[in-house]
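What follows is structure.pdb (PDB, C-alpha atoms and all ligand atoms).
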MODEL        1
ATOM      1  CA  MET E   5     119.601-130.314  13.602
ATOM      2  CA  ASN E   6     117.506-130.257  10.441
ATOM      3  CA  THR E   7     117.936-127.761   7.630
ATOM      4  CA  PHE E   8     116.389-126.769   4.318
ATOM      5  CA  SER E   9     117.487-124.395   1.586
ATOM      6  CA  PHE E  10     115.183-121.483   0.809
ATOM      7  CA  THR E  11     114.807-118.546  -1.545
ATOM      8  CA  LYS E  12     113.209-115.341  -0.284
ATOM      9  CA  MET E  13     111.245-113.618  -3.042
ATOM     10  CA  HIS E  14     108.667-110.850  -3.228
ATOM     11  CA  GLY E  15     105.944-109.514  -5.459
ATOM     12  CA  LEU E  16     105.525-105.779  -4.782
ATOM     13  CA  GLY E  17     106.867-106.221  -1.265
ATOM     14  CA  ASN E  18     104.617-109.215  -0.459
ATOM     15  CA  SER E  19     107.440-111.554   0.480
ATOM     16  CA  TYR E  20     107.467-115.282   1.139
ATOM     17  CA  ILE E  21     110.070-117.925   1.945
ATOM     18  CA  TYR E  22     110.065-120.288  -1.030
ATOM     19  CA  VAL E  23     111.133-123.921  -0.624
ATOM     20  CA  ASN E  24     111.822-126.173  -3.608
ATOM     21  CA  MET E  25     110.176-129.427  -2.545
ATOM     22  CA  PHE E  26     111.660-131.219  -5.541
ATOM     23  CA  GLU E  27     114.944-130.949  -3.631
ATOM     24  CA  GLU E  28     113.967-130.576   0.038
ATOM     25  CA  THR E  29     112.211-133.000   2.378
ATOM     26  CA  ILE E  30     110.110-131.471   5.164
ATOM     27  CA  PRO E  31     107.460-133.444   7.120
ATOM     28  CA  GLU E  32     103.975-132.196   6.162
ATOM     29  CA  ALA E  33     103.120-132.049   9.882
ATOM     30  CA  LEU E  34     105.658-129.226  10.282
ATOM     31  CA  PHE E  35     104.510-127.009   7.388
ATOM     32  CA  SER E  36     102.251-124.783   9.483
ATOM     33  CA  GLU E  37     104.671-124.393  12.396
ATOM     34  CA  LEU E  38     107.628-123.717  10.071
ATOM     35  CA  ALA E  39     105.617-121.088   8.177
ATOM     36  CA  MET E  40     105.133-119.199  11.434
ATOM     37  CA  LYS E  41     108.770-119.618  12.443
ATOM     38  CA  VAL E  42     110.411-118.577   9.158
ATOM     39  CA  SER E  43     108.079-115.577   8.884
ATOM     40  CA  ASN E  44     109.112-114.135  12.240
ATOM     41  CA  VAL E  45     111.327-111.109  11.611
ATOM     42  CA  ASN E  46     113.077-111.449  14.989
ATOM     43  CA  THR E  47     113.624-115.180  15.406
ATOM     44  CA  GLY E  48     113.186-116.312  11.795
ATOM     45  CA  ILE E  49     113.937-114.998   8.319
ATOM     46  CA  GLY E  50     111.067-112.497   8.104
ATOM     47  CA  ALA E  51     108.297-112.715   5.505
ATOM     48  CA  ASP E  52     104.508-112.740   5.027
ATOM     49  CA  GLY E  53     104.561-116.538   4.987
ATOM     50  CA  MET E  54     106.042-119.609   3.320
ATOM     51  CA  ILE E  55     105.395-121.031  -0.147
ATOM     52  CA  LEU E  56     106.250-124.593  -1.137
ATOM     53  CA  ILE E  57     107.024-125.406  -4.775
ATOM     54  CA  CYS E  58     105.889-129.022  -5.035
ATOM     55  CA  PRO E  59     105.592-131.766  -7.643
ATOM     56  CA  SER E  60     102.144-132.096  -9.219
ATOM     57  CA  ASP E  61     100.290-134.803 -11.153
ATOM     58  CA  VAL E  62      98.500-132.257 -13.349
ATOM     59  CA  ALA E  63     101.027-129.466 -13.942
ATOM     60  CA  PRO E  64     104.809-128.916 -13.918
ATOM     61  CA  VAL E  65     104.526-127.634 -10.323
ATOM     62  CA  LYS E  66     102.064-127.152  -7.468
ATOM     63  CA  MET E  67     102.097-124.079  -5.213
ATOM     64  CA  ARG E  68     101.151-124.404  -1.528
ATOM     65  CA  ILE E  69     100.984-121.139   0.383
ATOM     66  CA  PHE E  70     101.057-120.671   4.165
ATOM     67  CA  ASN E  71     100.328-117.335   5.841
ATOM     68  CA  ASN E  72     102.501-116.082   8.697
ATOM     69  CA  ASP E  73      99.963-117.375  11.227
ATOM     70  CA  GLY E  74     100.491-120.886   9.844
ATOM     71  CA  SER E  75      97.128-121.095   8.061
ATOM     72  CA  GLU E  76      97.175-122.457   4.511
ATOM     73  CA  GLY E  77      95.776-120.228   1.786
ATOM     74  CA  LYS E  78      94.157-121.565  -1.396
ATOM     75  CA  ASN E  79      95.680-119.032  -3.763
ATOM     76  CA  CYS E  80      98.265-116.245  -3.874
ATOM     77  CA  GLY E  81      98.689-113.893  -6.811
ATOM     78  CA  ASN E  82     102.063-112.456  -5.832
ATOM     79  CA  GLY E  83     103.186-115.952  -4.919
ATOM     80  CA  LEU E  84     102.198-117.310  -8.335
ATOM     81  CA  ARG E  85     104.324-114.712 -10.121
ATOM     82  CA  CYS E  86     107.333-115.588  -7.934
ATOM     83  CA  VAL E  87     106.768-119.349  -8.366
ATOM     84  CA  ALA E  88     106.632-118.831 -12.146
ATOM     85  CA  LYS E  89     109.899-116.868 -12.037
ATOM     86  CA  TYR E  90     111.575-119.489  -9.839
ATOM     87  CA  VAL E  91     110.571-122.539 -11.872
ATOM     88  CA  TYR E  92     111.552-120.934 -15.183
ATOM     89  CA  GLU E  93     114.944-119.678 -13.930
ATOM     90  CA  HIS E  94     115.685-123.031 -12.238
ATOM     91  CA  GLY E  95     114.816-125.061 -15.331
ATOM     92  CA  LEU E  96     111.783-126.819 -13.837
ATOM     93  CA  VAL E  97     109.979-125.689 -16.987
ATOM     94  CA  THR E  98     111.387-124.886 -20.429
ATOM     95  CA  GLU E  99     108.373-123.123 -21.942
ATOM     96  CA  ARG E 100     107.579-119.484 -21.142
ATOM     97  CA  SER E 101     103.915-120.305 -20.638
ATOM     98  CA  PHE E 102     102.902-123.138 -18.311
ATOM     99  CA  LEU E 103     100.341-124.343 -15.786
ATOM    100  CA  ILE E 104     100.676-124.079 -12.015
ATOM    101  CA  GLU E 105      98.454-126.145  -9.701
ATOM    102  CA  THR E 106      96.988-124.416  -6.653
ATOM    103  CA  LEU E 107      94.525-125.576  -4.007
ATOM    104  CA  SER E 108      91.862-123.601  -5.870
ATOM    105  CA  GLY E 109      92.636-125.096  -9.287
ATOM    106  CA  LEU E 110      95.012-124.695 -12.226
ATOM    107  CA  VAL E 111      96.268-121.307 -13.407
ATOM    108  CA  GLN E 112      98.272-120.416 -16.521
ATOM    109  CA  ALA E 113     101.423-118.321 -16.099
ATOM    110  CA  GLU E 114     103.492-116.575 -18.773
ATOM    111  CA  VAL E 115     106.947-115.243 -17.945
ATOM    112  CA  PHE E 116     108.665-112.290 -19.660
ATOM    113  CA  VAL E 117     112.418-112.756 -19.813
ATOM    114  CA  GLU E 118     115.366-110.381 -20.293
ATOM    115  CA  ASN E 119     118.854-111.928 -20.476
ATOM    116  CA  GLY E 120     117.599-115.150 -18.893
ATOM    117  CA  ILE E 121     115.980-113.333 -15.945
ATOM    118  CA  VAL E 122     112.204-113.177 -15.506
ATOM    119  CA  THR E 123     111.266-109.518 -15.123
ATOM    120  CA  SER E 124     107.489-109.789 -15.061
ATOM    121  CA  VAL E 125     104.777-112.418 -15.173
ATOM    122  CA  THR E 126     101.194-112.552 -16.407
ATOM    123  CA  VAL E 127      98.959-115.023 -14.583
ATOM    124  CA  ASP E 128      95.516-116.007 -15.826
ATOM    125  CA  MET E 129      93.822-116.149 -12.429
ATOM    126  CA  GLY E 130      90.740-117.798 -13.875
ATOM    127  CA  ILE E 131      87.097-116.921 -13.360
ATOM    128  CA  PRO E 132      86.090-115.098 -10.152
ATOM    129  CA  ARG E 133      83.561-116.893  -7.950
ATOM    130  CA  LEU E 134      80.719-114.481  -7.146
ATOM    131  CA  LYS E 135      77.969-116.476  -5.414
ATOM    132  CA  ARG E 136      77.668-115.890  -1.653
ATOM    133  CA  SER E 137      78.222-119.585  -1.006
ATOM    134  CA  GLU E 138      81.374-119.523  -3.188
ATOM    135  CA  VAL E 139      83.066-116.691  -1.287
ATOM    136  CA  PRO E 140      82.120-118.293   1.186
ATOM    137  CA  MET E 141      79.904-115.932   3.165
ATOM    138  CA  MET E 142      76.986-116.910   5.396
ATOM    139  CA  GLY E 143      73.473-115.784   4.475
ATOM    140  CA  GLU E 144      70.752-116.462   1.932
ATOM    141  CA  GLU E 145      72.256-117.633  -1.351
ATOM    142  CA  ALA E 146      72.814-114.870  -3.908
ATOM    143  CA  GLU E 147      74.302-114.837  -7.384
ATOM    144  CA  GLN E 148      76.467-111.904  -6.350
ATOM    145  CA  VAL E 149      77.292-109.979  -3.133
ATOM    146  CA  VAL E 150      77.533-106.434  -4.507
ATOM    147  CA  ALA E 151      77.097-103.172  -2.564
ATOM    148  CA  GLU E 152      75.432-105.071   0.309
ATOM    149  CA  GLU E 153      74.923-103.230   3.601
ATOM    150  CA  VAL E 154      76.595-105.129   6.423
ATOM    151  CA  GLU E 155      77.254-104.119  10.050
ATOM    152  CA  PHE E 156      80.672-104.508  11.638
ATOM    153  CA  ALA E 157      81.479-103.251  15.164
ATOM    154  CA  GLY E 158      78.254-101.249  15.301
ATOM    155  CA  GLU E 159      78.794 -99.422  11.995
ATOM    156  CA  THR E 160      77.032-100.127   8.696
ATOM    157  CA  TYR E 161      79.212-100.506   5.582
ATOM    158  CA  GLU E 162      78.540-101.231   1.921
ATOM    159  CA  ILE E 163      80.589-104.273   0.903
ATOM    160  CA  THR E 164      81.243-106.449  -2.132
ATOM    161  CA  ALA E 165      82.505-110.025  -1.757
ATOM    162  CA  VAL E 166      84.502-111.956  -4.390
ATOM    163  CA  SER E 167      86.481-115.193  -4.355
ATOM    164  CA  MET E 168      89.604-115.665  -6.476
ATOM    165  CA  GLY E 169      89.855-119.151  -5.025
ATOM    166  CA  ASN E 170      90.342-117.398  -1.693
ATOM    167  CA  PRO E 171      87.832-115.067  -0.012
ATOM    168  CA  HIS E 172      87.876-111.265  -0.349
ATOM    169  CA  ILE E 173      85.668-108.441   0.895
ATOM    170  CA  ILE E 174      86.023-104.985  -0.656
ATOM    171  CA  PHE E 175      85.235-101.638   1.035
ATOM    172  CA  TYR E 176      85.280 -98.403  -1.013
ATOM    173  CA  VAL E 177      86.797 -95.342   0.663
ATOM    174  CA  ASP E 178      87.043 -91.687  -0.425
ATOM    175  CA  ASP E 179      90.718 -91.389   0.528
ATOM    176  CA  ILE E 180      92.953 -94.457   0.764
ATOM    177  CA  THR E 181      95.226 -92.569   3.186
ATOM    178  CA  TYR E 182      92.555 -92.884   5.877
ATOM    179  CA  ALA E 183      91.355 -96.423   5.116
ATOM    180  CA  PRO E 184      90.691 -98.251   8.453
ATOM    181  CA  VAL E 185      93.040-101.099   7.492
ATOM    182  CA  THR E 186      94.367-101.921  10.977
ATOM    183  CA  SER E 187      91.187-101.032  12.901
ATOM    184  CA  LEU E 188      88.485-102.626  10.740
ATOM    185  CA  GLY E 189      90.643-105.229   8.969
ATOM    186  CA  PRO E 190      91.191-107.631  11.889
ATOM    187  CA  ILE E 191      87.548-107.385  12.956
ATOM    188  CA  VAL E 192      86.226-108.300   9.503
ATOM    189  CA  GLU E 193      88.913-110.968   8.902
ATOM    190  CA  LYS E 194      87.516-113.109  11.712
ATOM    191  CA  ASP E 195      83.817-112.195  11.383
ATOM    192  CA  ALA E 196      81.590-115.255  11.819
ATOM    193  CA  ARG E 197      79.801-114.522   8.548
ATOM    194  CA  PHE E 198      82.986-115.696   6.806
ATOM    195  CA  PRO E 199      83.375-119.324   7.877
ATOM    196  CA  GLU E 200      86.856-119.544   6.305
ATOM    197  CA  GLY E 201      87.853-116.010   7.337
ATOM    198  CA  VAL E 202      88.369-113.323   4.713
ATOM    199  CA  ASN E 203      90.981-111.022   3.164
ATOM    200  CA  VAL E 204      89.915-107.397   3.659
ATOM    201  CA  GLU E 205      90.551-104.821   0.937
ATOM    202  CA  PHE E 206      90.067-101.031   0.883
ATOM    203  CA  VAL E 207      89.797 -99.315  -2.490
ATOM    204  CA  GLU E 208      89.765 -95.686  -3.606
ATOM    205  CA  VAL E 209      88.570 -95.277  -7.196
ATOM    206  CA  ILE E 210      90.725 -92.775  -9.121
ATOM    207  CA  ASN E 211      88.999 -93.236 -12.493
ATOM    208  CA  ASP E 212      87.434 -96.020 -14.563
ATOM    209  CA  GLN E 213      90.870 -97.613 -15.129
ATOM    210  CA  GLU E 214      92.789 -96.829 -11.943
ATOM    211  CA  LEU E 215      92.425 -97.780  -8.263
ATOM    212  CA  HIS E 216      94.264 -97.145  -5.005
ATOM    213  CA  PHE E 217      94.356-100.307  -2.851
ATOM    214  CA  ARG E 218      95.303-101.363   0.686
ATOM    215  CA  VAL E 219      94.851-104.738   2.348
ATOM    216  CA  TRP E 220      94.541-106.581   5.633
ATOM    217  CA  GLU E 221      95.268-110.176   4.657
ATOM    218  CA  ARG E 222      93.651-113.215   6.230
ATOM    219  CA  GLY E 223      96.375-114.934   8.198
ATOM    220  CA  SER E 224      99.071-112.314   7.617
ATOM    221  CA  GLY E 225      97.656-108.885   8.519
ATOM    222  CA  VAL E 226      98.871-105.785   6.686
ATOM    223  CA  THR E 227     100.953-106.651   3.625
ATOM    224  CA  GLN E 228     102.480-104.424   0.950
ATOM    225  CA  ALA E 229     100.438-106.143  -1.744
ATOM    226  CA  CYS E 230      97.870-108.875  -2.344
ATOM    227  CA  GLY E 231      97.589-110.162  -5.899
ATOM    228  CA  THR E 232      94.343-112.085  -5.486
ATOM    229  CA  GLY E 233      92.984-109.107  -3.555
ATOM    230  CA  ALA E 234      93.840-106.715  -6.374
ATOM    231  CA  CYS E 235      92.069-109.040  -8.829
ATOM    232  CA  ALA E 236      89.040-109.165  -6.515
ATOM    233  CA  ALA E 237      89.099-105.363  -6.277
ATOM    234  CA  VAL E 238      88.993-105.009 -10.070
ATOM    235  CA  VAL E 239      86.130-107.503 -10.344
ATOM    236  CA  ALA E 240      84.224-105.731  -7.552
ATOM    237  CA  SER E 241      84.816-102.339  -9.199
ATOM    238  CA  VAL E 242      83.378-103.568 -12.512
ATOM    239  CA  LEU E 243      80.379-105.080 -10.703
ATOM    240  CA  ASN E 244      79.828-101.747  -8.953
ATOM    241  CA  GLY E 245      80.080 -99.837 -12.246
ATOM    242  CA  LYS E 246      83.242 -98.019 -11.157
ATOM    243  CA  THR E 247      85.757 -99.445 -13.654
ATOM    244  CA  ALA E 248      85.526-100.841 -17.161
ATOM    245  CA  ARG E 249      85.176-104.524 -18.063
ATOM    246  CA  ASN E 250      87.680-105.921 -20.555
ATOM    247  CA  LYS E 251      90.032-102.941 -20.101
ATOM    248  CA  GLU E 252      93.372-102.903 -18.295
ATOM    249  CA  THR E 253      93.032-101.417 -14.820
ATOM    250  CA  ILE E 254      96.086-100.171 -12.932
ATOM    251  CA  VAL E 255      95.911-101.052  -9.234
ATOM    252  CA  HIS E 256      98.222 -98.960  -7.039
ATOM    253  CA  LEU E 257      99.157-101.082  -4.025
ATOM    254  CA  ALA E 258     101.435 -99.968  -1.208
ATOM    255  CA  GLY E 259     104.318-101.927  -2.769
ATOM    256  CA  GLY E 260     103.710-100.929  -6.387
ATOM    257  CA  ASP E 261     101.381-101.449  -9.348
ATOM    258  CA  LEU E 262      99.597-104.393 -10.913
ATOM    259  CA  VAL E 263      97.878-104.330 -14.299
ATOM    260  CA  ILE E 264      94.668-106.353 -14.194
ATOM    261  CA  ILE E 265      91.927-107.003 -16.761
ATOM    262  CA  TRP E 266      88.635-108.851 -16.265
ATOM    263  CA  THR E 267      88.086-110.051 -19.806
ATOM    264  CA  ASP E 268      84.747-110.432 -21.566
ATOM    265  CA  GLU E 269      85.543-114.162 -21.713
ATOM    266  CA  GLY E 270      85.288-114.135 -17.895
ATOM    267  CA  ASN E 271      88.855-114.734 -16.756
ATOM    268  CA  VAL E 272      91.044-112.278 -14.821
ATOM    269  CA  LEU E 273      94.584-111.570 -16.067
ATOM    270  CA  MET E 274      97.133-110.134 -13.619
ATOM    271  CA  THR E 275     100.526-108.781 -14.713
ATOM    272  CA  GLY E 276     103.298-107.612 -12.423
ATOM    273  CA  PRO E 277     106.865-108.068 -11.198
ATOM    274  CA  ALA E 278     108.508-110.871  -9.234
ATOM    275  CA  GLU E 279     111.887-110.485  -7.565
ATOM    276  CA  THR E 280     114.453-112.666  -5.815
ATOM    277  CA  ILE E 281     115.834-111.210  -2.566
ATOM    278  CA  CYS E 282     118.203-113.869  -1.259
ATOM    279  CA  THR E 283     118.871-117.569  -0.762
ATOM    280  CA  GLY E 284     119.984-119.373   2.349
ATOM    281  CA  VAL E 285     119.778-122.344   4.676
ATOM    282  CA  TYR E 286     117.214-122.480   7.513
ATOM    283  CA  TYR E 287     117.966-124.503  10.687
ATOM    284  CA  TYR E 288     115.115-126.119  12.657
TER     285      TYR E 288
HETATM  286  N1  LIG S   1      96.241-114.318   2.826
HETATM  287  C1  LIG S   1      95.706-115.023   1.653
HETATM  288  C2  LIG S   1      96.828-115.792   0.924
HETATM  289  C3  LIG S   1      97.868-114.846   0.311
HETATM  290  C4  LIG S   1      97.276-114.002  -0.776
HETATM  291  C5  LIG S   1      98.103-112.796  -1.205
HETATM  292  N2  LIG S   1      99.390-112.608  -0.591
HETATM  293  C6  LIG S   1      98.185-112.691  -2.730
HETATM  294  O1  LIG S   1      99.198-112.205  -3.263
HETATM  295  O2  LIG S   1      97.168-113.062  -3.375
HETATM  296  C7  LIG S   1      94.609-116.016   2.118
HETATM  297  O3  LIG S   1      94.717-116.561   3.211
HETATM  298  O4  LIG S   1      93.660-116.216   1.335
ENDMDL
END

Can the structure from this file be put into structure tokens for me?
Ligand SMILES: N[C@H](CCC[C@H](N)C(=O)O)C(=O)O
Amino acid sequence: MNTFSFTKMHGLGNSYIYVNMFEETIPEALFSELAMKVSNVNTGIGADGMILICPSDVAPVKMRIFNNDGSEGKNCGNGLRCVAKYVYEHGLVTERSFLIETLSGLVQAEVFVENGIVTSVTVDMGIPRLKRSEVPMMGEEAEQVVAEEVEFAGETYEITAVSMGNPHIIFYVDDITYAPVTSLGPIVEKDARFPEGVNVEFVEVINDQELHFRVWERGSGVTQACGTGACAAVVASVLNGKTARNKETIVHLAGGDLVIIWTDEGNVLMTGPAETICTGVYYY
């Protein structure tokens, strides 16, 4: 019987099983299968996926994120805040600001500490990728995919597509309460026009600095929050003239709020909480 120690953490209810790969040894071939198993609420621990905190050649740590269907994501905003909290509190870093390597590049995290405990984290999520080919989305190359009419399941929708290192498509709705998250989300997630799949976000604009937000995540389905998705929603809202560039926007997700700013310099800053739920030993 094999085991590994884990820490369950969440960012606004978007929970993952975190494994410190500086201390644990798990065969790479099992990462995908174990992500599915630990995520199962009945036969596993229960979470939206698994995140590995790994050594890196270019930063203090590298984050690898696996959705609950076993697929590997290239970025995870809520995960980055929890990784930053974990590595600071476990002494893997000594500075309050440090780099984290992801599959979509390096990001800079800054932790805010009270009595030795990280209470919130700001992550510089970098520059959004806006070209159709960068999302990626099939079709004739375009500098941006903004307010484009696209048909899904026989209905025509206006969509905006943004990559934060992982793909996102944003739909605007009049009332977030009635957003077709579970009906339209799974259809769009697997649409052939998104060769790598896509995270599906629904946004209600409250004012030029406030959004309501719900998400159907690629590889995990409905989650309480999606950090990269919230960043993509702010970028899309600026591109659509609905919110202000270079001003803090409050994004109200099901699990709570994120404060996000798309700066004039081009990068997206995301600030929000990160919490530890429990630790334990998993048997496999
Ligand atoms: N489902 C995403 C990964 C998790 C992103 C989300 N949980 C976040 O906080 O950004 C993907 O496959 O691209």

To one decimal place in Å, what is the distance between atom CA of Arg249 of chain E and atom CA of Val219 of chain E?
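Taking atom CA of Arg249 of chain E as the start and atom CA of Val219 of chain E as the end point, the length is 22.6 Å.
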
Hits from the PyMOL selection byres (((chain E and resi 256) around 9) and not hetatm), listed as a PyMOL selection string
chain E and resi 214-218+234+254-255+257-262

Using the selection just defined, write its residues with C-alpha atoms as a PDB file, keeping the file's coordinate frame.
ATOM      1  CA  GLU E 214      92.789 -96.829 -11.943  1.00  0.00           C
ATOM      2  CA  LEU E 215      92.425 -97.780  -8.263  1.00  0.00           C
ATOM      3  CA  HIS E 216      94.264 -97.145  -5.005  1.00  0.00           C
ATOM      4  CA  PHE E 217      94.356-100.307  -2.851  1.00  0.00           C
ATOM      5  CA  ARG E 218      95.303-101.363   0.686  1.00  0.00           C
ATOM      6  CA  ALA E 234      93.840-106.715  -6.374  1.00  0.00           C
ATOM      7  CA  ILE E 254      96.086-100.171 -12.932  1.00  0.00           C
ATOM      8  CA  VAL E 255      95.911-101.052  -9.234  1.00  0.00           C
ATOM      9  CA  LEU E 257      99.157-101.082  -4.025  1.00  0.00           C
ATOM     10  CA  ALA E 258     101.435 -99.968  -1.208  1.00  0.00           C
ATOM     11  CA  GLY E 259     104.318-101.927  -2.769  1.00  0.00           C
ATOM     12  CA  GLY E 260     103.710-100.929  -6.387  1.00  0.00           C
ATOM     13  CA  ASP E 261     101.381-101.449  -9.348  1.00  0.00           C
ATOM     14  CA  LEU E 262      99.597-104.393 -10.913  1.00  0.00           C
TER      15      LEU E 262
END

Residues proximal to (93.8, -122.5, -8.7) were defined as those with any atom within 10 Å of that point in the file's coordinates, counting all atoms listed in the file. Which are they, as a list in words?
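It turns out the residues near that spot are Lys66, Met67, Lys78, Asn79, Cys80, Leu84, Leu103, Ile104, Glu105, Thr106, Leu107, Ser108, Gly109, Leu110, Val111, Gln112, Asp128, Met129, Gly130, Ile131, Met168, Gly169 and Asn170 of chain E.
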
Per-residue nearest contacts chain E to ligand LIG 1 (chain S), cut-off 10 Å, using all atoms listed in the file, as JSON lines:
{"residue": "E:His14", "atom": "CA", "partner": "S:LIG1", "partner_atom": "O1", "distance": 9.6}
{"residue": "E:Gly15", "atom": "CA", "partner": "S:LIG1", "partner_atom": "O1", "distance": 7.6}
{"residue": "E:Leu16", "atom": "CA", "partner": "S:LIG1", "partner_atom": "O1", "distance": 9.1}
{"residue": "E:Gly17", "atom": "CA", "partner": "S:LIG1", "partner_atom": "N2", "distance": 9.9}
{"residue": "E:Asn18", "atom": "CA", "partner": "S:LIG1", "partner_atom": "N2", "distance": 6.2}
{"residue": "E:Ser19", "atom": "CA", "partner": "S:LIG1", "partner_atom": "N2", "distance": 8.2}
{"residue": "E:Tyr20", "atom": "CA", "partner": "S:LIG1", "partner_atom": "N2", "distance": 8.7}
{"residue": "E:Asp52", "atom": "CA", "partner": "S:LIG1", "partner_atom": "N2", "distance": 7.6}
{"residue": "E:Gly53", "atom": "CA", "partner": "S:LIG1", "partner_atom": "C3", "distance": 8.3}
{"residue": "E:Met54", "atom": "CA", "partner": "S:LIG1", "partner_atom": "C3", "distance": 9.9}
{"residue": "E:Ile55", "atom": "CA", "partner": "S:LIG1", "partner_atom": "C3", "distance": 9.8}
{"residue": "E:Arg68", "atom": "CA", "partner": "S:LIG1", "partner_atom": "C2", "distance": 9.9}
{"residue": "E:Ile69", "atom": "CA", "partner": "S:LIG1", "partner_atom": "C2", "distance": 6.8}
{"residue": "E:Phe70", "atom": "CA", "partner": "S:LIG1", "partner_atom": "C2", "distance": 7.2}
{"residue": "E:Asn71", "atom": "CA", "partner": "S:LIG1", "partner_atom": "N1", "distance": 5.9}
{"residue": "E:Asn72", "atom": "CA", "partner": "S:LIG1", "partner_atom": "N1", "distance": 8.8}
{"residue": "E:Asp73", "atom": "CA", "partner": "S:LIG1", "partner_atom": "O3", "distance": 9.6}
{"residue": "E:Gly74", "atom": "CA", "partner": "S:LIG1", "partner_atom": "O3", "distance": 9.8}
{"residue": "E:Ser75", "atom": "CA", "partner": "S:LIG1", "partner_atom": "O3", "distance": 7.1}
{"residue": "E:Glu76", "atom": "CA", "partner": "S:LIG1", "partner_atom": "O3", "distance": 6.5}
{"residue": "E:Gly77", "atom": "CA", "partner": "S:LIG1", "partner_atom": "O3", "distance": 4.1}
{"residue": "E:Lys78", "atom": "CA", "partner": "S:LIG1", "partner_atom": "O4", "distance": 6.0}
{"residue": "E:Asn79", "atom": "CA", "partner": "S:LIG1", "partner_atom": "C2", "distance": 5.8}
{"residue": "E:Cys80", "atom": "CA", "partner": "S:LIG1", "partner_atom": "O2", "distance": 3.4}
{"residue": "E:Gly81", "atom": "CA", "partner": "S:LIG1", "partner_atom": "O2", "distance": 3.8}
{"residue": "E:Asn82", "atom": "CA", "partner": "S:LIG1", "partner_atom": "O1", "distance": 3.9}
{"residue": "E:Gly83", "atom": "CA", "partner": "S:LIG1", "partner_atom": "O1", "distance": 5.7}
{"residue": "E:Leu84", "atom": "CA", "partner": "S:LIG1", "partner_atom": "O1", "distance": 7.8}
{"residue": "E:Arg85", "atom": "CA", "partner": "S:LIG1", "partner_atom": "O1", "distance": 8.9}
{"residue": "E:Cys86", "atom": "CA", "partner": "S:LIG1", "partner_atom": "O1", "distance": 10.0}
{"residue": "E:Ser167", "atom": "CA", "partner": "S:LIG1", "partner_atom": "O4", "distance": 9.2}
{"residue": "E:Met168", "atom": "CA", "partner": "S:LIG1", "partner_atom": "O2", "distance": 8.6}
{"residue": "E:Gly169", "atom": "CA", "partner": "S:LIG1", "partner_atom": "O4", "distance": 8.0}
{"residue": "E:Asn170", "atom": "CA", "partner": "S:LIG1", "partner_atom": "O4", "distance": 4.6}
{"residue": "E:Pro171", "atom": "CA", "partner": "S:LIG1", "partner_atom": "O4", "distance": 6.1}
{"residue": "E:His172", "atom": "CA", "partner": "S:LIG1", "partner_atom": "O4", "distance": 7.8}
{"residue": "E:Glu193", "atom": "CA", "partner": "S:LIG1", "partner_atom": "O3", "distance": 9.9}
{"residue": "E:Glu200", "atom": "CA", "partner": "S:LIG1", "partner_atom": "O3", "distance": 9.0}
{"residue": "E:Gly201", "atom": "CA", "partner": "S:LIG1", "partner_atom": "O3", "distance": 8.0}
{"residue": "E:Val202", "atom": "CA", "partner": "S:LIG1", "partner_atom": "O4", "distance": 6.9}
{"residue": "E:Asn203", "atom": "CA", "partner": "S:LIG1", "partner_atom": "O4", "distance": 6.1}
{"residue": "E:Val204", "atom": "CA", "partner": "S:LIG1", "partner_atom": "N1", "distance": 9.4}
{"residue": "E:Val219", "atom": "CA", "partner": "S:LIG1", "partner_atom": "C5", "distance": 9.4}
{"residue": "E:Trp220", "atom": "CA", "partner": "S:LIG1", "partner_atom": "N1", "distance": 8.4}
{"residue": "E:Glu221", "atom": "CA", "partner": "S:LIG1", "partner_atom": "N1", "distance": 4.6}
{"residue": "E:Arg222", "atom": "CA", "partner": "S:LIG1", "partner_atom": "N1", "distance": 4.4}
{"residue": "E:Gly223", "atom": "CA", "partner": "S:LIG1", "partner_atom": "N1", "distance": 5.4}
{"residue": "E:Ser224", "atom": "CA", "partner": "S:LIG1", "partner_atom": "N1", "distance": 5.9}
{"residue": "E:Gly225", "atom": "CA", "partner": "S:LIG1", "partner_atom": "N1", "distance": 8.0}
{"residue": "E:Val226", "atom": "CA", "partner": "S:LIG1", "partner_atom": "N1", "distance": 9.7}
{"residue": "E:Thr227", "atom": "CA", "partner": "S:LIG1", "partner_atom": "N2", "distance": 7.5}
{"residue": "E:Gln228", "atom": "CA", "partner": "S:LIG1", "partner_atom": "N2", "distance": 8.9}
{"residue": "E:Ala229", "atom": "CA", "partner": "S:LIG1", "partner_atom": "O1", "distance": 6.4}
{"residue": "E:Cys230", "atom": "CA", "partner": "S:LIG1", "partner_atom": "O1", "distance": 3.7}
{"residue": "E:Gly231", "atom": "CA", "partner": "S:LIG1", "partner_atom": "O1", "distance": 3.7}
{"residue": "E:Thr232", "atom": "CA", "partner": "S:LIG1", "partner_atom": "O2", "distance": 3.7}
{"residue": "E:Gly233", "atom": "CA", "partner": "S:LIG1", "partner_atom": "O2", "distance": 5.8}
{"residue": "E:Ala234", "atom": "CA", "partner": "S:LIG1", "partner_atom": "O2", "distance": 7.8}
{"residue": "E:Cys235", "atom": "CA", "partner": "S:LIG1", "partner_atom": "O2", "distance": 8.5}
{"residue": "E:Ala236", "atom": "CA", "partner": "S:LIG1", "partner_atom": "O2", "distance": 9.5}

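Omitting Pro31 of chain E and its sequence neighbours fewer than 5 positions away, and counting all atoms listed in the file, the residues within 12 Å are E:Asn6, E:Thr7, E:Phe8, E:Met25, E:Ser36, E:Glu37, E:Leu38, E:Tyr288.
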
Go through E:Phe102, E:Phe156, E:Phe175, E:Tyr286 one by one, measure the shortest atom-to-atom distance of each to Ser43 of chain E using all atoms listed in the file, and give the residue with the smallest value.
E:Tyr286
